[in-house]
Amino acid sequence: MNSKIVPVLAIDGPSGSGKGTVGQLLAERLGWHFLDSGALYRALGIAASRVGEALLHDADALARLAVSLDIRFVPQPSGAPVRVILNGTDVGDAIRTEDSGRLASIVAAVPQARAALLQKQHAFRRMPGLVADGRDMGTTVFPDAILKIFVTASAAVRAERRYKQLKEKGFDANLRRLLDEIRERDARDAALTASPLKPAADACILDTSSLSISDVVDRIHGLLQERLAR
């Protein structure tokens with residue numbers, strides 16, 4: 001089957017904008033497959049760091065490691081964090097730490113690593129459809145997506161959300177440090193040579209600062225139904 005006929009809902013946005021939870025809930029409601037592209041980069045960062053920090057700065061070796069990754073997503077009900085299986089091991093908790101976010105940002109800046117992961121991302125495109133969340137889903141990975149959403153929120157709101165998530169999971173967290181890290185990551189992601197963080201030209205931009213998760217899910221679902229009905 002030609003993958004181009006499989007509809008894709010692309011949800012992009014900065015860290016902490018809520019796109020992951022929104023994407024999972026939409027995939028569950030639609031009965032579609034789900035791709036958390038950020039988890040791919042976090043998994044690659046974790047795998048590279050386990051070999052040695054030097055590998056993070058070896059573009060060719062990092063690309064080879066990316067090709068060899070065996071990664072699967074196991075959806076959980078009601079928007080609970082998706083289980084991430086890396087080379088047979090559940091790394092769902094590990095990929096949600098601040099350090100894994102730092103590692104992901106490092107590997108994401110390596111064009112060879114991005115190119116190696118592109119084919120893996122395309123493989124998630126299967127019937128009846130795909131909800132793909134990340135930072136370049138609508139611009140680079142699935143430019144023909146039926147609907148492109150760019151969700152955002154103020155850095156302060158995103159830091160507060162991340163702080164609450166970490167505390168609920170029992171992780172130590174510092175709100176001021178989280179805010180600084182989010183601002184630094186935003187700047188780094190926006191300055192990427194390959195696939196910088198930015199809305200696609202035809203994306204619908206949605207500020208979630210004052211919206212609940214259910215509000216965002218309902219709004220995007222309505223937009224998607226309009227597109228599918230055309």
# chains A, B, ... in the order shown; residues from 1 in each chain; ligands from 1
$ residues_around --residues "Gly31 in chain A" --least-positions-apart "3" --cutoff "12 Å" --atoms "only C-alpha atoms" --output "list of chain:residue names"
A:Gly23, A:Gln24, A:Leu25, A:Leu26, A:Ala27, A:Glu28, A:Phe34, A:Pro75, A:Pro77, A:Arg126, A:Met127, A:Pro128, A:Gly129, A:Leu130, A:Val131
$ residues_around --residues "Asp12 in chain A" --least-positions-apart "5" --cutoff "12 Å" --atoms "only C-alpha atoms" --output "PyMOL selection string"
chain A and resi 17-20+22-23+35-38+131-143+145+147-152+195-200+203-207
$ residues_around --residues "Lys164 in chain A" --least-positions-apart "5" --cutoff "12 Å" --atoms "only C-alpha atoms" --output "list in words"
Gly16, Val157, Arg158, Ala159, Lys169, Gly170, Phe171, Asp172, Ala173, Asn174, Leu175 and Leu178 of chain A
$ write_last_selection --atoms "C-alpha atoms" --output "mmCIF file, in the first residue's frame"
data_model
loop_
_atom_site.group_PDB
_atom_site.id
_atom_site.type_symbol
_atom_site.label_atom_id
_atom_site.label_comp_id
_atom_site.auth_asym_id
_atom_site.auth_seq_id
_atom_site.Cartn_x
_atom_site.Cartn_y
_atom_site.Cartn_z
ATOM 1 C CA GLY A 16 6.327 21.350 27.483
ATOM 2 C CA VAL A 157 3.776 27.873 31.673
ATOM 3 C CA ARG A 158 5.793 25.067 30.098
ATOM 4 C CA ALA A 159 8.312 25.091 32.954
ATOM 5 C CA LYS A 169 6.792 11.050 39.322
ATOM 6 C CA GLY A 170 8.967 11.516 42.402
ATOM 7 C CA PHE A 171 11.847 13.217 40.592
ATOM 8 C CA ASP A 172 13.747 16.120 42.115
ATOM 9 C CA ALA A 173 13.062 19.361 40.216
ATOM 10 C CA ASN A 174 13.939 23.040 40.404
ATOM 11 C CA LEU A 175 11.476 25.391 38.710
ATOM 12 C CA LEU A 178 13.691 24.144 34.361
#
$ atom_distance --atom1 "CA of Thr208 in chain A" --atom2 "CA of Leu223 in chain A"
15.6 Å
$ select_by_dssp --residues "range 29-195 of chain A" --states "strand (DSSP E)" --output "NGL selection string"
:A and (33-36 or 71-74 or 83-86 or 89-90 or 130-134 or 147-152)
$ write_last_selection --atoms "N, CA and C atoms" --output "PDB file, in the first residue's frame"
ATOM      1  N   HIS A  33      -2.325   5.086  14.738  1.00  0.00           N
ATOM      2  CA  HIS A  33      -1.016   4.829  15.311  1.00  0.00           C
ATOM      3  C   HIS A  33      -0.447   6.137  15.855  1.00  0.00           C
ATOM      4  N   PHE A  34       0.545   6.023  16.739  1.00  0.00           N
ATOM      5  CA  PHE A  34       1.123   7.200  17.376  1.00  0.00           C
ATOM      6  C   PHE A  34       2.644   7.160  17.277  1.00  0.00           C
ATOM      7  N   LEU A  35       3.227   8.298  16.910  1.00  0.00           N
ATOM      8  CA  LEU A  35       4.684   8.438  16.852  1.00  0.00           C
ATOM      9  C   LEU A  35       5.102   9.585  17.752  1.00  0.00           C
ATOM     10  N   ASP A  36       5.884   9.261  18.765  1.00  0.00           N
ATOM     11  CA  ASP A  36       6.493  10.272  19.625  1.00  0.00           C
ATOM     12  C   ASP A  36       7.931  10.432  19.144  1.00  0.00           C
ATOM     13  N   ILE A  71      13.279   0.217  18.444  1.00  0.00           N
ATOM     14  CA  ILE A  71      12.441   0.977  19.355  1.00  0.00           C
ATOM     15  C   ILE A  71      10.965   0.780  19.013  1.00  0.00           C
ATOM     16  N   ARG A  72      10.163   0.566  20.064  1.00  0.00           N
ATOM     17  CA  ARG A  72       8.731   0.374  19.895  1.00  0.00           C
ATOM     18  C   ARG A  72       7.982   1.231  20.907  1.00  0.00           C
ATOM     19  N   PHE A  73       6.795   1.680  20.527  1.00  0.00           N
ATOM     20  CA  PHE A  73       5.920   2.422  21.421  1.00  0.00           C
ATOM     21  C   PHE A  73       4.721   1.540  21.754  1.00  0.00           C
ATOM     22  N   VAL A  74       4.426   1.433  23.027  1.00  0.00           N
ATOM     23  CA  VAL A  74       3.266   0.649  23.472  1.00  0.00           C
ATOM     24  C   VAL A  74       2.272   1.625  24.097  1.00  0.00           C
ATOM     25  N   ARG A  83       4.555   3.568  26.731  1.00  0.00           N
ATOM     26  CA  ARG A  83       5.727   2.771  27.100  1.00  0.00           C
ATOM     27  C   ARG A  83       6.687   2.771  25.916  1.00  0.00           C
ATOM     28  N   VAL A  84       7.948   2.988  26.196  1.00  0.00           N
ATOM     29  CA  VAL A  84       8.972   3.018  25.149  1.00  0.00           C
ATOM     30  C   VAL A  84       9.921   1.846  25.378  1.00  0.00           C
ATOM     31  N   ILE A  85       9.994   0.962  24.403  1.00  0.00           N
ATOM     32  CA  ILE A  85      10.836  -0.220  24.504  1.00  0.00           C
ATOM     33  C   ILE A  85      12.059  -0.020  23.604  1.00  0.00           C
ATOM     34  N   LEU A  86      13.228   0.068  24.206  1.00  0.00           N
ATOM     35  CA  LEU A  86      14.480   0.273  23.478  1.00  0.00           C
ATOM     36  C   LEU A  86      15.332  -0.980  23.574  1.00  0.00           C
ATOM     37  N   THR A  89      14.202  -3.315  26.212  1.00  0.00           N
ATOM     38  CA  THR A  89      14.113  -2.833  27.593  1.00  0.00           C
ATOM     39  C   THR A  89      13.197  -1.620  27.676  1.00  0.00           C
ATOM     40  N   ASP A  90      12.338  -1.611  28.683  1.00  0.00           N
ATOM     41  CA  ASP A  90      11.434  -0.474  28.899  1.00  0.00           C
ATOM     42  C   ASP A  90      12.234   0.703  29.447  1.00  0.00           C
ATOM     43  N   LEU A 130      -1.962   8.070  11.210  1.00  0.00           N
ATOM     44  CA  LEU A 130      -0.873   8.304  12.163  1.00  0.00           C
ATOM     45  C   LEU A 130      -0.982   9.694  12.771  1.00  0.00           C
ATOM     46  N   VAL A 131      -0.842   9.744  14.090  1.00  0.00           N
ATOM     47  CA  VAL A 131      -0.666  11.013  14.794  1.00  0.00           C
ATOM     48  C   VAL A 131       0.815  11.093  15.151  1.00  0.00           C
ATOM     49  N   ALA A 132       1.495  12.089  14.614  1.00  0.00           N
ATOM     50  CA  ALA A 132       2.937  12.221  14.815  1.00  0.00           C
ATOM     51  C   ALA A 132       3.241  13.512  15.565  1.00  0.00           C
ATOM     52  N   ASP A 133       3.931  13.387  16.689  1.00  0.00           N
ATOM     53  CA  ASP A 133       4.250  14.582  17.460  1.00  0.00           C
ATOM     54  C   ASP A 133       5.752  14.791  17.507  1.00  0.00           C
ATOM     55  N   GLY A 134       6.161  16.049  17.415  1.00  0.00           N
ATOM     56  CA  GLY A 134       7.584  16.349  17.442  1.00  0.00           C
ATOM     57  C   GLY A 134       7.870  17.818  17.233  1.00  0.00           C
ATOM     58  N   LEU A 147      -3.271  17.477   8.182  1.00  0.00           N
ATOM     59  CA  LEU A 147      -3.433  18.616   9.087  1.00  0.00           C
ATOM     60  C   LEU A 147      -2.153  18.799   9.879  1.00  0.00           C
ATOM     61  N   LYS A 148      -1.697  20.040   9.944  1.00  0.00           N
ATOM     62  CA  LYS A 148      -0.487  20.371  10.699  1.00  0.00           C
ATOM     63  C   LYS A 148      -0.849  21.355  11.803  1.00  0.00           C
ATOM     64  N   ILE A 149      -0.502  20.986  13.020  1.00  0.00           N
ATOM     65  CA  ILE A 149      -0.771  21.829  14.179  1.00  0.00           C
ATOM     66  C   ILE A 149       0.554  22.199  14.829  1.00  0.00           C
ATOM     67  N   PHE A 150       0.706  23.471  15.183  1.00  0.00           N
ATOM     68  CA  PHE A 150       1.880  23.895  15.948  1.00  0.00           C
ATOM     69  C   PHE A 150       1.361  24.403  17.285  1.00  0.00           C
ATOM     70  N   VAL A 151       1.591  23.612  18.347  1.00  0.00           N
ATOM     71  CA  VAL A 151       1.125  24.003  19.675  1.00  0.00           C
ATOM     72  C   VAL A 151       2.258  24.688  20.426  1.00  0.00           C
ATOM     73  N   THR A 152       1.911  25.715  21.151  1.00  0.00           N
ATOM     74  CA  THR A 152       2.924  26.431  21.912  1.00  0.00           C
ATOM     75  C   THR A 152       2.326  26.917  23.214  1.00  0.00           C
TER      76      THR A 152
END
$ atom_distance --atom1 "CA of Ser209 in chain A" --atom2 "CA of Thr21 in chain A"
14.6 Å
$ select_by_dssp --residues "range 65-145 of chain A" --states "alpha helix (DSSP H)" --output "NGL selection string"
:A and (65-68 or 98-108 or 111-122)
$ write_last_selection --atoms "N, CA, C and O atoms" --output "short mmCIF file (atom, residue, chain, number, x, y, z; two decimals), in the first residue's frame"
data_model
loop_
_atom_site.label_atom_id
_atom_site.label_comp_id
_atom_site.auth_asym_id
_atom_site.auth_seq_id
_atom_site.Cartn_x
_atom_site.Cartn_y
_atom_site.Cartn_z
N LEU A 65 24.52 4.06 14.95
CA LEU A 65 23.77 3.62 16.13
C LEU A 65 22.27 3.85 15.93
O LEU A 65 21.45 3.00 16.29
N ALA A 66 21.92 4.97 15.32
CA ALA A 66 20.51 5.29 15.07
C ALA A 66 19.87 4.24 14.18
O ALA A 66 18.73 3.81 14.41
N VAL A 67 20.58 3.80 13.14
CA VAL A 67 20.06 2.78 12.22
C VAL A 67 19.81 1.47 12.95
O VAL A 67 18.83 0.75 12.67
N SER A 68 20.65 1.16 13.93
CA SER A 68 20.56 -0.14 14.61
C SER A 68 19.54 -0.16 15.74
O SER A 68 19.23 -1.23 16.28
N GLU A 98 15.24 15.06 32.76
CA GLU A 98 15.82 16.25 32.15
C GLU A 98 17.12 15.92 31.42
O GLU A 98 17.44 16.52 30.39
N ASP A 99 17.87 14.95 31.92
CA ASP A 99 19.14 14.60 31.27
C ASP A 99 18.88 13.99 29.90
O ASP A 99 19.63 14.26 28.94
N SER A 100 17.83 13.19 29.77
CA SER A 100 17.53 12.61 28.46
C SER A 100 17.11 13.69 27.48
O SER A 100 17.39 13.60 26.29
N GLY A 101 16.46 14.74 27.99
CA GLY A 101 16.12 15.88 27.14
C GLY A 101 17.36 16.59 26.64
O GLY A 101 17.43 17.01 25.48
N ARG A 102 18.34 16.71 27.52
CA ARG A 102 19.62 17.33 27.13
C ARG A 102 20.30 16.49 26.05
O ARG A 102 20.79 17.03 25.04
N LEU A 103 20.32 15.17 26.24
CA LEU A 103 20.95 14.28 25.26
C LEU A 103 20.22 14.35 23.92
O LEU A 103 20.85 14.37 22.86
N ALA A 104 18.89 14.39 23.97
CA ALA A 104 18.11 14.46 22.73
C ALA A 104 18.42 15.72 21.96
O ALA A 104 18.53 15.71 20.72
N SER A 105 18.57 16.83 22.66
CA SER A 105 18.86 18.10 22.00
C SER A 105 20.23 18.06 21.32
O SER A 105 20.43 18.64 20.25
N ILE A 106 21.17 17.34 21.93
CA ILE A 106 22.51 17.22 21.35
C ILE A 106 22.47 16.41 20.07
O ILE A 106 22.98 16.82 19.02
N VAL A 107 21.84 15.23 20.11
CA VAL A 107 21.82 14.37 18.92
C VAL A 107 20.94 14.96 17.82
O VAL A 107 21.20 14.74 16.63
N ALA A 108 19.93 15.73 18.21
CA ALA A 108 19.05 16.32 17.21
C ALA A 108 19.77 17.37 16.37
O ALA A 108 19.32 17.71 15.27
N PRO A 111 22.97 16.43 11.77
CA PRO A 111 22.19 16.09 10.57
C PRO A 111 22.22 14.62 10.21
O PRO A 111 21.21 14.06 9.76
N GLN A 112 23.37 13.96 10.40
CA GLN A 112 23.46 12.54 10.05
C GLN A 112 22.53 11.69 10.91
O GLN A 112 21.96 10.71 10.44
N ALA A 113 22.39 12.08 12.18
CA ALA A 113 21.50 11.34 13.08
C ALA A 113 20.04 11.56 12.68
O ALA A 113 19.24 10.63 12.67
N ARG A 114 19.70 12.79 12.33
CA ARG A 114 18.33 13.09 11.90
C ARG A 114 17.98 12.31 10.65
O ARG A 114 16.88 11.76 10.52
N ALA A 115 18.92 12.24 9.71
CA ALA A 115 18.68 11.51 8.46
C ALA A 115 18.49 10.02 8.74
O ALA A 115 17.64 9.37 8.13
N ALA A 116 19.27 9.48 9.67
CA ALA A 116 19.17 8.06 9.99
C ALA A 116 17.83 7.72 10.65
O ALA A 116 17.29 6.63 10.45
N LEU A 117 17.30 8.64 11.43
CA LEU A 117 16.04 8.40 12.12
C LEU A 117 14.82 8.66 11.22
O LEU A 117 13.71 8.23 11.56
N LEU A 118 15.03 9.34 10.11
CA LEU A 118 13.91 9.70 9.24
C LEU A 118 13.18 8.47 8.73
O LEU A 118 11.94 8.41 8.72
N GLN A 119 13.92 7.46 8.29
CA GLN A 119 13.29 6.24 7.76
C GLN A 119 12.48 5.53 8.84
O GLN A 119 11.40 5.00 8.57
N LYS A 120 12.99 5.53 10.08
CA LYS A 120 12.26 4.91 11.18
C LYS A 120 10.93 5.62 11.41
O LYS A 120 9.89 5.00 11.67
N GLN A 121 10.96 6.96 11.31
CA GLN A 121 9.74 7.73 11.51
C GLN A 121 8.72 7.44 10.40
O GLN A 121 7.53 7.29 10.66
N HIS A 122 9.18 7.36 9.18
CA HIS A 122 8.29 7.06 8.06
C HIS A 122 7.62 5.69 8.22
O HIS A 122 6.49 5.49 7.76
#
